[in-house]
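**Q** Shown below is the structure under consideration.
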Amino acid sequence: MAASKTGVKKSGKAISPAQEALQVTFVLKGNLKRAQLLYLFIAKGLADVRDRNLYAALGHKDMADYAHQRLDLGRSSLYNYLHIFDWVKQAHPEWLGKNVKGHIPDLSDIADLMWIENALEGKSLDPAKRTALEAHQKQALAGTLRRSELRAFKQEEKPSKDALAEVLATLQALRKKAGKVAGIPPEVLTHLDAAINLATHEKAIKVAGIRFMTSSSAA
């Protein structure tokens, strides 16, 4: 492909840098959409192995052992796939259909949208807060939500940092104990790991928020 001052030549015809940029952008958008659909396709496959106990047919004691031995997939990544699939199946089943239209948020970092939609399920939610959450939900679905915006909204609730840390510690202790119980349903471990991941995520956001506020005050 020969280059010129006016742009790149394609099939003997020069195109401008702007035209080339649009072409590259179009391809990138398509690849990003396919990446999200592939993420869901993998998650759906893992959920199928879990729900039908197919891992046992291959001699594995649980999903974590199957994923590690057969797929070289770590426990954290496995449960993220499963947790996101279970949530999408319930909250956004349209993303699992054929010829999916519209934007699909980044599924590897979707905890904010999950938190928002979970909060919107509250029947006693203040109308003003519901309106704000619905606006954040639209932003999250469109991929335009800034984490600082949601963090500011959460800080208005002023949840107890110590209480969250205590809950996280309890969940971790329960997960450790449950992992030693023979015959415990794998779904129990899946949901415990998912809860731990979300609690850890929330704790990290709060710590980051406190550090940000402290550094801003000192500046």
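A note on labels: chains of the structure tokens are A, B, ... as shown, every chain counts residues from 1, and ligands are counted from 1 in their shown order.
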Mind running segment 67-114 of chain A against segment 172-189 of chain A at 12 Å and telling me each contacting residue's nearest atom pair with the distance in Å (one decimal), counting only C-alpha atoms, chain and number ascending, as CSV?

**A**
residue,atom,partner,partner_atom,distance
A:Arg75,CA,A:Leu189,CA,10.9
A:Ser76,CA,A:Leu189,CA,11.8
A:Leu78,CA,A:Leu189,CA,11.6
A:Tyr79,CA,A:Leu189,CA,9.1
A:Leu82,CA,A:Glu187,CA,9.7
A:His83,CA,A:Glu187,CA,10.1
A:Asp86,CA,A:Glu187,CA,10.8

**Q** Let me see the file: selected residues, N, CA and C atoms, as a PDB file, in the first residue's frame.

**A**
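Saved file out_16.pdb follows:
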ATOM      1  N   ARG A  75      -9.357 -19.259  39.309  1.00  0.00           N
ATOM      2  CA  ARG A  75     -10.610 -19.243  40.061  1.00  0.00           C
ATOM      3  C   ARG A  75     -11.326 -17.898  39.954  1.00  0.00           C
ATOM      4  N   SER A  76     -10.583 -16.800  40.108  1.00  0.00           N
ATOM      5  CA  SER A  76     -11.204 -15.480  40.069  1.00  0.00           C
ATOM      6  C   SER A  76     -11.847 -15.203  38.713  1.00  0.00           C
ATOM      7  N   LEU A  78     -12.798 -17.425  36.503  1.00  0.00           N
ATOM      8  CA  LEU A  78     -13.918 -18.353  36.338  1.00  0.00           C
ATOM      9  C   LEU A  78     -15.183 -17.803  36.980  1.00  0.00           C
ATOM     10  N   TYR A  79     -15.082 -17.385  38.238  1.00  0.00           N
ATOM     11  CA  TYR A  79     -16.274 -16.924  38.938  1.00  0.00           C
ATOM     12  C   TYR A  79     -16.761 -15.571  38.419  1.00  0.00           C
ATOM     13  N   LEU A  82     -18.884 -16.623  35.442  1.00  0.00           N
ATOM     14  CA  LEU A  82     -20.143 -17.230  35.870  1.00  0.00           C
ATOM     15  C   LEU A  82     -21.076 -16.210  36.506  1.00  0.00           C
ATOM     16  N   HIS A  83     -20.501 -15.340  37.326  1.00  0.00           N
ATOM     17  CA  HIS A  83     -21.329 -14.335  37.998  1.00  0.00           C
ATOM     18  C   HIS A  83     -21.938 -13.375  36.987  1.00  0.00           C
ATOM     19  N   ASP A  86     -24.736 -15.156  34.984  1.00  0.00           N
ATOM     20  CA  ASP A  86     -25.971 -15.302  35.765  1.00  0.00           C
ATOM     21  C   ASP A  86     -26.714 -13.975  35.851  1.00  0.00           C
TER      22      ASP A  86
END

**Q** Would you mind listing what lies within 9 Å of Ile104 of chain A as a PyMOL selection string, with only C-alpha atoms counted and same-chain residues fewer than 2 positions away left out?

**A** chain A and resi 33+36-37+95+100-102+106-107+141-143

**Q** Go ahead and write the selection's residues with C-alpha atoms as a PDB file, in the first residue's frame.

**A**
ATOM      1  CA  LYS A  33     -18.671  -5.676  19.904  1.00  0.00           C
ATOM      2  CA  GLN A  36     -18.156  -8.613  24.257  1.00  0.00           C
ATOM      3  CA  LEU A  37     -20.245 -11.257  22.526  1.00  0.00           C
ATOM      4  CA  TRP A  95     -27.570  -9.678  25.185  1.00  0.00           C
ATOM      5  CA  VAL A 100     -27.641  -8.391  19.351  1.00  0.00           C
ATOM      6  CA  LYS A 101     -28.206  -4.704  18.682  1.00  0.00           C
ATOM      7  CA  GLY A 102     -27.008  -1.720  20.647  1.00  0.00           C
ATOM      8  CA  ASP A 106     -17.398  -3.681  29.124  1.00  0.00           C
ATOM      9  CA  LEU A 107     -18.281  -7.012  30.722  1.00  0.00           C
ATOM     10  CA  LEU A 141     -25.294   1.052  29.546  1.00  0.00           C
ATOM     11  CA  ALA A 142     -23.949   3.551  27.028  1.00  0.00           C
ATOM     12  CA  GLY A 143     -20.407   3.207  28.365  1.00  0.00           C
TER      13      GLY A 143
END

**Q** Write out as a list in words the set of residues from segment 2-218 of chain A that DSSP, computed on the backbone, places in strand (DSSP E).

**A**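 Residues of segment 2-218 of chain A classed as strand (DSSP E): Ala3, Ser4, Gly7, Val8, Lys9, Lys10, Lys13, Ala14 and Ile15 of chain A.
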
**Q** Write out, as a PDB file, in the first residue's frame, the residues just selected, with N, CA and C atoms.

**A**
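Below you can see selection-v9.pdb, which holds the result:
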ATOM      1  N   ALA A   3       1.954   5.205   0.142  1.00  0.00           N
ATOM      2  CA  ALA A   3       1.499   6.384   0.875  1.00  0.00           C
ATOM      3  C   ALA A   3       1.748   7.630   0.048  1.00  0.00           C
ATOM      4  N   SER A   4       0.973   8.672   0.266  1.00  0.00           N
ATOM      5  CA  SER A   4       1.159   9.945  -0.415  1.00  0.00           C
ATOM      6  C   SER A   4       0.897  11.065   0.562  1.00  0.00           C
ATOM      7  N   GLY A   7      -2.704  11.078   1.764  1.00  0.00           N
ATOM      8  CA  GLY A   7      -3.230   9.959   2.530  1.00  0.00           C
ATOM      9  C   GLY A   7      -2.655   8.647   2.056  1.00  0.00           C
ATOM     10  N   VAL A   8      -3.412   7.559   2.232  1.00  0.00           N
ATOM     11  CA  VAL A   8      -2.961   6.236   1.856  1.00  0.00           C
ATOM     12  C   VAL A   8      -3.683   5.803   0.596  1.00  0.00           C
ATOM     13  N   LYS A   9      -2.939   5.205  -0.325  1.00  0.00           N
ATOM     14  CA  LYS A   9      -3.556   4.734  -1.557  1.00  0.00           C
ATOM     15  C   LYS A   9      -4.120   3.338  -1.358  1.00  0.00           C
ATOM     16  N   LYS A  10      -5.331   3.151  -1.773  1.00  0.00           N
ATOM     17  CA  LYS A  10      -5.980   1.859  -1.692  1.00  0.00           C
ATOM     18  C   LYS A  10      -6.618   1.581  -3.037  1.00  0.00           C
ATOM     19  N   LYS A  13      -6.399   4.403  -5.468  1.00  0.00           N
ATOM     20  CA  LYS A  13      -7.071   5.659  -5.157  1.00  0.00           C
ATOM     21  C   LYS A  13      -6.654   6.150  -3.779  1.00  0.00           C
ATOM     22  N   ALA A  14      -6.174   7.392  -3.730  1.00  0.00           N
ATOM     23  CA  ALA A  14      -5.713   7.953  -2.462  1.00  0.00           C
ATOM     24  C   ALA A  14      -6.895   8.304  -1.566  1.00  0.00           C
ATOM     25  N   ILE A  15      -6.756   8.027  -0.263  1.00  0.00           N
ATOM     26  CA  ILE A  15      -7.774   8.429   0.714  1.00  0.00           C
ATOM     27  C   ILE A  15      -7.123   9.342   1.738  1.00  0.00           C
TER      28      ILE A  15
END

**Q** Expressed in Å to a single decimal, how great is the separation between atom CA of Leu164 of chain A and atom CA of Ser124 of chain A?

**A** 21.5 Å

**Q** Do you know which residues are at most 10 Å from Ile84 of chain A counting only C-alpha atoms, after dropping those on the same chain fewer than 2 positions away, and could you put them as a list in words?

**A**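 My reading of the contact set: Tyr39, Leu40, Ala43, Lys44, Tyr79, Asn80, Tyr81, Leu82, Asp86, Trp87, Val88, Lys89, Gln90, Leu107, Ser108, Asp109, Ile110, Ala111, Met114 and Ala194 of chain A.
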
**Q** With N, CA and C atoms retained, export the selected residues as a short mmCIF file (atom, residue, chain, number, x, y, z; two decimals), in the first residue's frame.

**A**
data_model
loop_
_atom_site.label_atom_id
_atom_site.label_comp_id
_atom_site.auth_asym_id
_atom_site.auth_seq_id
_atom_site.Cartn_x
_atom_site.Cartn_y
_atom_site.Cartn_z
N TYR A 39 -17.12 -12.86 25.02
CA TYR A 39 -17.06 -12.98 26.48
C TYR A 39 -18.30 -13.71 26.98
N LEU A 40 -19.47 -13.30 26.46
CA LEU A 40 -20.73 -13.92 26.87
C LEU A 40 -20.80 -15.37 26.40
N ALA A 43 -18.73 -17.34 28.76
CA ALA A 43 -19.42 -17.41 30.05
C ALA A 43 -20.59 -18.40 29.99
N LYS A 44 -21.31 -18.38 28.88
CA LYS A 44 -22.44 -19.29 28.71
C LYS A 44 -21.97 -20.73 28.68
N TYR A 79 -15.08 -17.39 38.24
CA TYR A 79 -16.27 -16.92 38.94
C TYR A 79 -16.76 -15.57 38.42
N ASN A 80 -15.85 -14.78 37.87
CA ASN A 80 -16.30 -13.54 37.22
C ASN A 80 -17.15 -13.86 35.99
N TYR A 81 -16.70 -14.81 35.18
CA TYR A 81 -17.48 -15.24 34.02
C TYR A 81 -18.86 -15.74 34.45
N LEU A 82 -18.88 -16.62 35.44
CA LEU A 82 -20.14 -17.23 35.87
C LEU A 82 -21.08 -16.21 36.51
N ASP A 86 -24.74 -15.16 34.98
CA ASP A 86 -25.97 -15.30 35.76
C ASP A 86 -26.71 -13.97 35.85
N TRP A 87 -25.95 -12.89 36.01
CA TRP A 87 -26.58 -11.57 36.09
C TRP A 87 -27.17 -11.15 34.75
N VAL A 88 -26.40 -11.34 33.67
CA VAL A 88 -26.89 -10.98 32.34
C VAL A 88 -28.14 -11.79 31.99
N LYS A 89 -28.14 -13.06 32.31
CA LYS A 89 -29.29 -13.93 32.01
C LYS A 89 -30.55 -13.42 32.68
N GLN A 90 -30.41 -12.87 33.87
CA GLN A 90 -31.56 -12.37 34.62
C GLN A 90 -31.91 -10.92 34.26
N LEU A 107 -17.85 -5.97 29.80
CA LEU A 107 -18.28 -7.01 30.72
C LEU A 107 -17.20 -7.42 31.71
N SER A 108 -15.95 -7.07 31.45
CA SER A 108 -14.89 -7.40 32.40
C SER A 108 -14.83 -6.39 33.54
N ASP A 109 -15.57 -5.31 33.44
CA ASP A 109 -15.56 -4.28 34.48
C ASP A 109 -16.97 -3.70 34.59
N ILE A 110 -17.91 -4.54 34.98
CA ILE A 110 -19.32 -4.17 34.93
C ILE A 110 -19.95 -4.06 36.32
N ALA A 111 -19.11 -4.08 37.35
CA ALA A 111 -19.62 -4.06 38.72
C ALA A 111 -20.47 -2.83 39.01
N MET A 114 -24.00 -3.34 37.75
CA MET A 114 -24.66 -4.34 38.59
C MET A 114 -25.11 -3.70 39.90
N ALA A 194 -18.61 -14.64 44.20
CA ALA A 194 -19.12 -13.43 43.54
C ALA A 194 -19.35 -12.33 44.56
#

**Q** Go through A:Ala119, A:Val27, A:Leu168, A:Leu46 one by one, measure the shortest atom-to-atom distance of each to Arg70 of chain A using only C-alpha atoms, and give the residue with the smallest value.

**A**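 Nearest to Arg70 of chain A: A:Leu46.
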
**Q** Run DSSP on the backbone and give me the residues of segment 2-219 of chain A it puts in alpha helix (DSSP H), as number ranges by chain.

**A** A: 17-51, 54-57, 63-71, 75-91, 111-120, 127-142, 147-157, 161-178, 186-218
